[in-house]
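Student: Got a structure for you, work_27.tsv, holding TSV, C-alpha atoms and all ligand atoms.
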chain	number	residue	atom	x	y	z
A	1	MET	CA	112.05	270.61	-49.18
A	2	ILE	CA	114.11	273.76	-49.28
A	3	ILE	CA	117.61	273.45	-47.83
A	4	ASP	CA	118.05	276.54	-45.65
A	5	GLY	CA	121.64	277.62	-46.26
A	6	LYS	CA	121.26	280.66	-44.01
A	7	GLN	CA	120.29	278.50	-41.04
A	8	ILE	CA	122.93	275.86	-41.70
A	9	ALA	CA	125.60	278.56	-42.07
A	10	SER	CA	124.42	280.16	-38.84
A	11	ASN	CA	124.72	276.79	-37.03
A	12	LEU	CA	128.23	276.36	-38.43
A	13	ARG	CA	129.25	279.84	-37.24
A	14	ALA	CA	127.87	279.09	-33.75
A	15	SER	CA	129.95	275.93	-33.61
A	16	LEU	CA	133.02	277.84	-34.86
A	17	LYS	CA	132.51	280.52	-32.23
A	18	ALA	CA	132.69	277.87	-29.51
A	19	GLN	CA	135.80	276.34	-31.11
A	20	VAL	CA	137.47	279.76	-31.36
A	21	THR	CA	136.78	280.37	-27.65
A	22	ASP	CA	138.38	277.00	-26.79
A	23	PHE	CA	141.36	277.71	-29.04
A	24	LYS	CA	141.92	281.08	-27.37
A	25	LYS	CA	141.70	279.51	-23.88
A	26	GLN	CA	144.08	276.70	-24.72
A	27	HIS	CA	146.72	278.63	-26.67
A	28	ASN	CA	146.16	282.29	-25.82
A	29	ILE	CA	145.97	282.98	-29.56
A	30	THR	CA	143.07	284.62	-31.43
A	31	PRO	CA	142.79	283.42	-35.05
A	32	SER	CA	143.01	286.35	-37.45
A	33	LEU	CA	141.95	286.91	-41.04
A	34	THR	CA	143.32	289.67	-43.29
A	35	VAL	CA	141.23	290.54	-46.33
A	36	VAL	CA	142.86	292.55	-49.11
A	37	LEU	CA	140.58	294.45	-51.49
A	38	VAL	CA	142.05	296.18	-54.54
A	39	GLY	CA	139.88	298.75	-56.31
A	40	ASN	CA	136.24	299.64	-55.79
A	41	ASP	CA	134.11	296.93	-57.37
A	42	PRO	CA	130.72	297.33	-55.60
A	43	ALA	CA	129.98	293.57	-55.41
A	44	SER	CA	133.44	292.90	-53.92
A	45	ASP	CA	132.86	295.68	-51.42
A	46	VAL	CA	129.68	293.96	-50.16
A	47	TYR	CA	131.45	290.57	-49.94
A	48	VAL	CA	134.34	292.06	-47.98
A	49	ARG	CA	132.05	293.87	-45.54
A	50	ASN	CA	130.16	290.61	-44.89
A	51	LYS	CA	133.41	288.73	-44.38
A	52	VAL	CA	134.69	291.29	-41.88
A	53	LYS	CA	131.40	291.33	-39.95
A	54	GLN	CA	131.16	287.55	-39.67
A	55	THR	CA	134.84	287.14	-38.77
A	56	LEU	CA	134.32	289.45	-35.80
A	57	GLU	CA	131.07	287.69	-34.85
A	58	VAL	CA	132.81	284.35	-34.33
A	59	GLY	CA	135.41	286.01	-32.12
A	60	MET	CA	138.32	286.20	-34.58
A	61	ILE	CA	140.46	289.22	-35.42
A	62	SER	CA	139.60	290.86	-38.74
A	63	ASN	CA	141.99	293.10	-40.66
A	64	GLU	CA	140.87	294.83	-43.81
A	65	ILE	CA	143.38	296.33	-46.23
A	66	ARG	CA	141.90	298.47	-49.00
A	67	LEU	CA	144.13	299.43	-51.90
A	68	SER	CA	143.38	301.77	-54.78
A	69	GLN	CA	142.44	300.61	-58.29
A	70	GLN	CA	145.86	301.89	-59.44
A	71	THR	CA	147.83	299.53	-57.17
A	72	SER	CA	150.54	297.75	-59.16
A	73	GLU	CA	151.13	294.02	-59.09
A	74	SER	CA	154.52	294.49	-57.44
A	75	GLU	CA	153.01	296.65	-54.67
A	76	LEU	CA	150.45	293.92	-53.98
A	77	LEU	CA	153.15	291.22	-53.99
A	78	THR	CA	155.25	293.25	-51.52
A	79	LEU	CA	152.25	293.54	-49.19
A	80	LEU	CA	151.66	289.78	-49.43
A	81	ASP	CA	155.33	289.14	-48.55
A	82	GLU	CA	154.83	291.12	-45.34
A	83	LEU	CA	151.57	289.35	-44.45
A	84	ASN	CA	153.08	285.94	-45.27
A	85	THR	CA	155.76	286.33	-42.60
A	86	ASP	CA	153.66	288.14	-39.99
A	87	ASP	CA	152.93	285.56	-37.26
A	88	SER	CA	149.87	287.46	-36.08
A	89	VAL	CA	148.16	286.85	-39.46
A	90	HIS	CA	146.73	283.33	-39.77
A	91	GLY	CA	144.61	283.71	-42.89
A	92	ILE	CA	145.04	285.89	-45.99
A	93	LEU	CA	142.34	286.43	-48.58
A	94	VAL	CA	142.78	288.56	-51.68
A	95	GLN	CA	139.30	289.44	-52.93
A	96	LEU	CA	138.81	288.49	-56.59
A	97	PRO	CA	138.43	289.73	-59.26
A	98	LEU	CA	141.55	291.91	-59.30
A	99	PRO	CA	141.98	294.87	-61.66
A	100	LYS	CA	142.95	293.72	-65.17
A	101	ALA	CA	146.55	294.95	-64.89
A	102	ILE	CA	147.25	292.42	-62.12
A	103	ASP	CA	147.87	288.74	-62.87
A	104	GLU	CA	145.50	286.86	-60.55
A	105	GLN	CA	147.32	283.56	-60.79
A	106	ARG	CA	150.64	285.17	-59.84
A	107	VAL	CA	148.99	286.78	-56.82
A	108	ILE	CA	147.34	283.54	-55.68
A	109	SER	CA	150.69	281.73	-56.01
A	110	ALA	CA	152.37	284.42	-53.87
A	111	ILE	CA	150.16	283.75	-50.83
A	112	ASN	CA	151.77	281.55	-48.19
A	113	PRO	CA	149.86	278.25	-48.76
A	114	ASP	CA	149.50	277.79	-44.98
A	115	LYS	CA	147.56	281.07	-44.87
A	116	ASP	CA	145.64	280.61	-48.14
A	117	VAL	CA	142.14	280.40	-46.64
A	118	ASP	CA	140.51	280.50	-50.08
A	119	GLY	CA	142.32	277.23	-50.85
A	120	PHE	CA	143.26	278.35	-54.37
A	121	HIS	CA	147.07	277.94	-54.15
A	122	ALA	CA	148.36	275.00	-56.23
A	123	GLN	CA	149.85	273.44	-53.09
A	124	ASN	CA	146.40	273.38	-51.49
A	125	SER	CA	144.84	271.95	-54.67
A	126	GLY	CA	147.45	269.17	-54.39
A	127	ARG	CA	146.63	268.58	-50.73
A	128	LEU	CA	142.95	268.29	-51.62
A	129	LEU	CA	143.77	265.87	-54.45
A	130	ASN	CA	145.78	263.73	-52.02
A	131	GLY	CA	143.04	263.93	-49.37
A	132	GLU	CA	145.45	265.31	-46.74
A	133	PRO	CA	143.84	266.00	-43.38
A	134	GLY	CA	143.87	269.69	-42.43
A	135	ALA	CA	144.09	270.81	-46.08
A	136	LEU	CA	142.69	274.28	-46.80
A	137	VAL	CA	139.88	273.44	-49.22
A	138	PRO	CA	137.98	276.02	-51.35
A	139	CYS	CA	135.02	277.38	-49.40
A	140	THR	CA	132.06	277.12	-51.79
A	141	PRO	CA	132.73	273.42	-52.53
A	142	GLN	CA	132.90	272.65	-48.78
A	143	GLY	CA	129.55	274.40	-48.41
A	144	CYS	CA	128.00	272.26	-51.18
A	145	VAL	CA	128.93	269.02	-49.42
A	146	ILE	CA	127.65	270.23	-46.03
A	147	LEU	CA	124.33	271.25	-47.64
A	148	ALA	CA	123.93	267.84	-49.34
A	149	GLN	CA	124.73	266.12	-46.02
A	150	SER	CA	122.19	268.27	-44.21
A	151	HIS	CA	119.47	266.51	-46.18
A	152	LEU	CA	120.96	263.07	-46.86
A	153	GLY	CA	123.00	262.53	-43.69
A	154	ASP	CA	126.78	262.42	-43.30
A	155	ASP	CA	127.19	259.17	-45.21
A	156	LEU	CA	126.94	259.96	-48.92
A	157	SER	CA	128.67	256.77	-50.06
A	158	GLY	CA	127.38	255.33	-53.31
A	159	LYS	CA	125.45	258.45	-54.30
A	160	HIS	CA	125.82	259.50	-57.91
A	161	VAL	CA	126.77	263.18	-58.03
A	162	VAL	CA	126.62	265.03	-61.34
A	163	ILE	CA	128.50	268.32	-61.31
A	164	ILE	CA	127.80	270.87	-64.03
A	165	GLY	CA	130.86	273.09	-64.46
A	166	ARG	CA	134.59	272.37	-64.19
A	167	SER	CA	136.08	275.61	-62.85
A	168	ASN	CA	139.06	275.59	-60.48
A	169	ILE	CA	136.99	277.46	-57.91
A	170	VAL	CA	133.89	275.24	-57.80
A	171	GLY	CA	133.51	272.37	-60.29
A	172	LYS	CA	136.87	270.61	-59.89
A	173	PRO	CA	137.29	270.93	-56.11
A	174	VAL	CA	133.68	269.98	-55.37
A	175	SER	CA	134.10	266.84	-57.47
A	176	LEU	CA	137.13	265.83	-55.36
A	177	LEU	CA	135.24	266.43	-52.11
A	178	PHE	CA	132.31	264.24	-53.19
A	179	LEU	CA	134.79	261.61	-54.35
A	180	GLN	CA	136.38	261.67	-50.88
A	181	ALA	CA	132.87	261.21	-49.48
A	182	HIS	CA	132.72	257.92	-51.49
A	183	CYS	CA	130.30	259.17	-54.12
A	184	THR	CA	130.34	258.25	-57.79
A	185	VAL	CA	131.17	261.52	-59.50
A	186	THR	CA	130.46	262.71	-63.04
A	187	ILE	CA	131.87	266.10	-64.08
A	188	THR	CA	130.08	267.79	-66.97
A	189	HIS	CA	130.82	271.05	-68.79
A	190	SER	CA	130.10	273.13	-71.88
A	191	ARG	CA	131.27	270.35	-74.24
A	192	THR	CA	129.39	267.49	-72.57
A	193	ALA	CA	127.16	265.58	-74.98
A	194	ASN	CA	123.54	264.91	-73.95
A	195	LEU	CA	123.90	266.93	-70.75
A	196	LYS	CA	120.24	266.55	-69.84
A	197	ASP	CA	120.47	262.72	-69.97
A	198	VAL	CA	123.59	262.73	-67.81
A	199	VAL	CA	122.03	265.04	-65.22
A	200	LYS	CA	118.94	262.80	-65.14
A	201	GLN	CA	121.06	260.01	-63.62
A	202	ALA	CA	122.08	262.05	-60.59
A	203	ASP	CA	121.12	261.51	-56.97
A	204	ILE	CA	122.79	264.86	-56.27
A	205	VAL	CA	123.08	267.64	-58.88
A	206	VAL	CA	125.58	270.48	-58.33
A	207	ALA	CA	125.04	273.32	-60.81
A	208	ALA	CA	127.98	275.75	-61.08
A	209	VAL	CA	127.68	277.25	-64.54
A	210	GLY	CA	126.64	280.90	-64.45
A	211	ILE	CA	123.65	280.56	-66.82
A	212	PRO	CA	120.34	281.66	-65.26
A	213	LYS	CA	117.79	278.84	-64.80
A	214	MET	CA	119.62	276.53	-67.23
A	215	VAL	CA	118.71	273.28	-65.46
A	216	LYS	CA	115.02	272.51	-66.00
A	217	GLY	CA	112.67	270.30	-64.00
A	218	ASP	CA	112.61	267.58	-66.67
A	219	TRP	CA	116.44	267.22	-66.44
A	220	LEU	CA	116.11	265.86	-62.90
A	221	LYS	CA	115.56	262.38	-61.51
A	222	PRO	CA	112.56	262.49	-59.16
A	223	GLY	CA	113.72	262.70	-55.54
A	224	CYS	CA	117.23	263.98	-56.30
A	225	VAL	CA	118.96	266.69	-54.26
A	226	VAL	CA	119.83	269.93	-56.06
A	227	ILE	CA	122.67	272.20	-54.95
A	228	ASP	CA	122.51	275.41	-56.96
A	229	VAL	CA	125.80	277.34	-56.84
A	230	GLY	CA	124.92	279.85	-59.56
A	231	ILE	CA	124.48	283.52	-58.72
A	232	ASN	CA	123.03	285.38	-61.70
A	233	ARG	CA	121.64	288.88	-61.73
A	234	ILE	CA	118.65	289.13	-64.09
A	235	THR	CA	115.88	291.60	-64.84
A	236	ASN	CA	112.61	289.85	-63.97
A	237	GLU	CA	109.15	290.19	-65.56
A	238	GLU	CA	108.42	293.26	-63.41
A	239	GLY	CA	111.58	294.97	-64.68
A	240	LYS	CA	113.32	294.57	-61.32
A	241	THR	CA	116.80	293.15	-60.76
A	242	ALA	CA	116.69	289.72	-59.15
A	243	LEU	CA	119.22	287.06	-58.19
A	244	VAL	CA	118.59	283.60	-59.63
A	245	GLY	CA	120.55	280.38	-59.71
A	246	ASP	CA	121.58	278.06	-62.54
A	247	VAL	CA	118.51	275.91	-61.82
A	248	ASP	CA	114.92	276.77	-62.67
A	249	PHE	CA	113.82	276.72	-59.03
A	250	ILE	CA	110.04	276.67	-59.61
A	251	GLU	CA	110.27	273.64	-61.90
A	252	ALA	CA	113.01	271.82	-59.97
A	253	GLU	CA	111.31	272.18	-56.60
A	254	LYS	CA	108.45	269.99	-57.89
A	255	VAL	CA	110.77	267.12	-58.87
A	256	ALA	CA	113.65	267.20	-56.36
A	257	SER	CA	113.37	265.95	-52.77
A	258	ALA	CA	115.43	268.96	-51.66
A	259	ILE	CA	116.88	272.07	-53.28
A	260	THR	CA	118.98	275.04	-52.23
A	261	PRO	CA	117.45	278.45	-52.99
A	262	VAL	CA	119.26	281.43	-54.55
A	263	PRO	CA	119.83	283.57	-52.58
A	264	GLY	CA	120.02	281.84	-49.19
A	265	GLY	CA	121.50	278.49	-50.20
A	266	VAL	CA	125.16	278.02	-51.10
A	267	GLY	CA	126.05	281.73	-50.75
A	268	PRO	CA	125.91	281.96	-46.93
A	269	MET	CA	127.91	278.73	-46.62
A	270	THR	CA	130.86	280.20	-48.49
A	271	ILE	CA	131.72	282.77	-45.80
A	272	ALA	CA	131.03	280.30	-42.97
A	273	CYS	CA	133.52	277.89	-44.56
A	274	LEU	CA	136.04	280.73	-44.96
A	275	LEU	CA	135.90	281.20	-41.19
A	276	LYS	CA	136.27	277.43	-40.74
A	277	ASN	CA	139.41	277.59	-42.90
A	278	THR	CA	140.80	280.50	-40.88
A	279	LEU	CA	140.52	278.49	-37.67
A	280	GLN	CA	142.03	275.48	-39.48
A	281	ALA	CA	144.94	277.65	-40.68
A	282	ALA	CA	145.60	278.90	-37.13
A	283	GLN	CA	145.53	275.29	-35.85
A	284	ASN	CA	147.88	274.13	-38.63
A	285	GLN	CA	150.33	276.97	-37.94
A	286	LEU	CA	150.43	276.06	-34.27
A	287	ALA	CA	151.25	272.46	-35.14
A	288	HIS	CA	154.25	273.44	-37.32
N	1	LIG	P1	133.19	279.63	-64.48
N	1	LIG	O1	132.69	280.56	-65.52
N	1	LIG	O2	134.61	279.67	-64.06
N	1	LIG	O3	132.86	278.14	-64.92
N	1	LIG	C1	131.62	277.80	-65.48
N	1	LIG	C2	131.65	276.37	-65.91
N	1	LIG	O4	130.40	276.08	-66.53
N	1	LIG	C3	132.74	276.05	-66.93
N	1	LIG	O5	133.50	274.97	-66.45
N	1	LIG	C4	131.98	275.65	-68.19
N	1	LIG	O6	132.52	274.54	-68.85
N	1	LIG	C5	130.60	275.30	-67.67
N	1	LIG	N1	129.58	275.63	-68.66
N	1	LIG	C6	129.44	276.79	-69.34
N	1	LIG	N2	128.38	276.72	-70.19
N	1	LIG	C7	127.85	275.50	-70.04
N	1	LIG	C8	126.79	274.80	-70.62
N	1	LIG	N3	125.99	275.37	-71.54
N	1	LIG	N4	126.54	273.54	-70.23
N	1	LIG	C9	127.31	272.95	-69.28
N	1	LIG	N5	128.34	273.55	-68.67
N	1	LIG	C10	128.62	274.80	-69.05
N	1	LIG	O7	132.22	279.85	-63.21
N	1	LIG	P2	132.42	279.51	-61.64
N	1	LIG	O8	133.40	280.44	-61.04
N	1	LIG	O9	132.60	278.05	-61.44
N	1	LIG	O10	130.97	279.93	-61.12
N	1	LIG	C11	129.79	279.31	-61.58
N	1	LIG	C12	128.57	280.00	-60.97
N	1	LIG	O11	128.64	279.90	-59.56
N	1	LIG	C13	128.50	281.51	-61.26
N	1	LIG	O12	127.14	281.88	-61.37
N	1	LIG	C14	129.11	282.13	-60.01
N	1	LIG	O13	128.61	283.43	-59.78
N	1	LIG	C15	128.62	281.18	-58.96
N	1	LIG	N6	129.48	281.12	-57.76
N	1	LIG	C16	128.84	281.19	-56.57
N	1	LIG	C17	129.56	281.11	-55.40
N	1	LIG	C18	128.83	281.16	-54.09
N	1	LIG	O14	129.39	281.50	-53.08
N	1	LIG	N7	127.57	280.78	-54.05
N	1	LIG	C19	130.94	280.98	-55.43
N	1	LIG	C20	131.57	280.87	-56.69
N	1	LIG	C21	130.82	280.94	-57.84
Show the structure stored in the file as structure tokens.

Tutor:
Amino acid sequence: MIIDGKQIASNLRASLKAQVTDFKKQHNITPSLTVVLVGNDPASDVYVRNKVKQTLEVGMISNEIRLSQQTSESELLTLLDELNTDDSVHGILVQLPLPKAIDEQRVISAINPDKDVDGFHAQNSGRLLNGEPGALVPCTPQGCVILAQSHLGDDLSGKHVVIIGRSNIVGKPVSLLFLQAHCTVTITHSRTANLKDVVKQADIVVAAVGIPKMVKGDWLKPGCVVIDVGINRITNEEGKTALVGDVDFIEAEKVASAITPVPGGVGPMTIACLLKNTLQAAQNQLAH
């Protein structure tokens, strides 16, 4: 079975739209998201346009701030100071990657954690680690859990999840989310010994590596669920550019009980969960 991330993301957005309408009625406040884009990276441009479009579609306010490639770190930090204290801004997202002259970590740390809808600020990582309700959790990892639950049901307790990759953006936070869902979690990475044998034990495999088609069909336990986070641009046999995941889809599809495609799997969930975080941020700010 193919897990249709587009459809599941669309369902999530429909539910968010209804929640945003209720929130507006109850509090006379429209949740708002400000996206800051520095420079003119074409991939980032597409991501930002999609974020703006979908923010508006669920009934939230979208602000887009575009800065030139030459913007200095201190100019960006001054802008963030203003957004941090502006009560009409509930969520702030600085599109990554930033130009090389700007220290990404310093910028992430400068975002008000209550408005950090990417969930990358150290304070939000701590809240996730502690399992605090209302924590702003990184978007792609949230999407992975929702996709696994769409096939296996909400109760994932006892499932063995093997995560390939230990980045701060995907691997580490997704491992904490599955742990919270009462799974047994194994985190693997570039130095893991006998990776194939470890992956073979998984009921759920999350691949977040960045190596095209690395995970082969014979790495998988029959009937497992595969969540493919990877987005890799390759030139296919016909000489055309194609997007593929970290899992060899054709092989894996024959062994797994369910698998997310690339594109159309995890990708669409990331923006939907960003909108979920924006509403969460607005709710949290009201409660303060
Ligand atoms: P990263 O480069 O920060 O981390 C990659 C991880 O893979 C590292 O922890 C590394 O230890 C591990 N790794 C590298 N080589 C390995 C090997 N041979 N065997 C096992 N592990 C290995 O990448 P990231 O930011 O976590 O992203 C991973 C992939 O997910 C990329 O393709 C990225 O484009 C994609 N991604 C997709 C979304 C989405 O919305 N769908 C969001 C974020 C990232």

Student: Output, as JSON, the centre and edge lengths in Å (one decimal) of the axis-aligned box that contains all listed atoms of ligand LIG 1 (chain N) with 4 Å of margin on each side.

Tutor:
{"center_x": 130.3, "center_y": 278.2, "center_z": -62.3, "size_x": 16.6, "size_y": 18.5, "size_z": 26.5}

Student: Kindly work out which residues sit at most 8 Å from ligand LIG 1 (chain N), using only C-alpha atoms and all ligand atoms, and give the list as an NGL selection string.

Tutor: :A and (139-140 or 164-171 or 188-192 or 195 or 207-212 or 214 or 228-232 or 245-246 or 265-271)

Student: Measure the distance from atom CA of A:Asp22 to atom CA of A:Lys51 in Å and round it to one decimal.

Tutor: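 According to the coordinates, atom CA of A:Asp22 and atom CA of A:Lys51 are separated by 21.7 Å.
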
Student: Choose the residue, out of A:Leu76, A:Val145, A:Val161, A:Met1, that has the smallest atom-to-atom separation from A:Val198; count all atoms listed in the file.

Tutor: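 With all atoms listed in the file as the atom set, the closest residue is A:Val161.
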
Student: For a quick check of your reading of the model, name the residues lying within 10 Å of the coordinate (153.9, 284.5, -47.9), counting all atoms listed in the file, and write them as a PyMOL selection string.

Tutor: chain A and resi 77-86+92+109-116

Student: Nearest to A:Thr34 among A:Thr260, A:Asn130, A:Gln201, A:Thr278, with distances taken over all atoms listed in the file: which residue is it?

Tutor: A:Thr278

Student: Using atom CA of A:Gln95 and atom CA of A:Leu179 as the two end points, give the distance in Å to one decimal.

Tutor: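 Computed distance, atom CA of A:Gln95 to atom CA of A:Leu179, equals 28.2 Å.
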
Student: For A:Leu136, work out the shell of residues within 10 Å, counting only C-alpha atoms and skipping chain neighbours fewer than 3 positions away, then give it as a PyMOL selection string.

Tutor: chain A and resi 113-121+123-125+127-128+132-133+139+274+276-278+280-281+284

Student: Between A:Gly223, A:Gly59, A:Gly39, A:Pro263, single out the one closest to A:Asp4, counting only C-alpha atoms.

Tutor: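 Among the listed residues, A:Pro263 lies closest to A:Asp4.
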
Student: Residues around (119.8, 264.0, -69.4), cut-off 12 Å, counting all atoms listed in the file - what are they as a list in words?

Tutor: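 In the file's frame, the residues around the point are Val162, Ile164, Thr188, Thr192, Ala193, Asn194, Leu195, Lys196, Asp197, Val198, Val199, Lys200, Gln201, Ala202, Val205, Val215, Lys216, Gly217, Asp218, Trp219, Leu220 and Lys221 of chain A.
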
Student: Hey, which of A:Ala258, A:Glu238, A:Lys53, A:Met60 ends up closest to A:Lys24? Count only C-alpha atoms.

Tutor: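 Comparing A:Ala258, A:Glu238, A:Lys53, A:Met60 against A:Lys24, the winner is A:Met60.
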
Student: Nearest residue to A:Leu16 out of A:Asn236, A:Ser150, A:Thr55, A:Asn50, using only C-alpha atoms?

Tutor: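 Ranked by minimum distance to A:Leu16, first place goes to A:Thr55.
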
Student: Calculated over only C-alpha atoms, which of the candidates A:Ile3, A:Ala282, A:Val36, A:Val58 has the smallest distance to A:Ala18?

Tutor: A:Val58

Student: What does the distance from atom CA of A:Gln19 to atom CA of A:Leu279 come to in Å, to one decimal?

Tutor: 8.4 Å
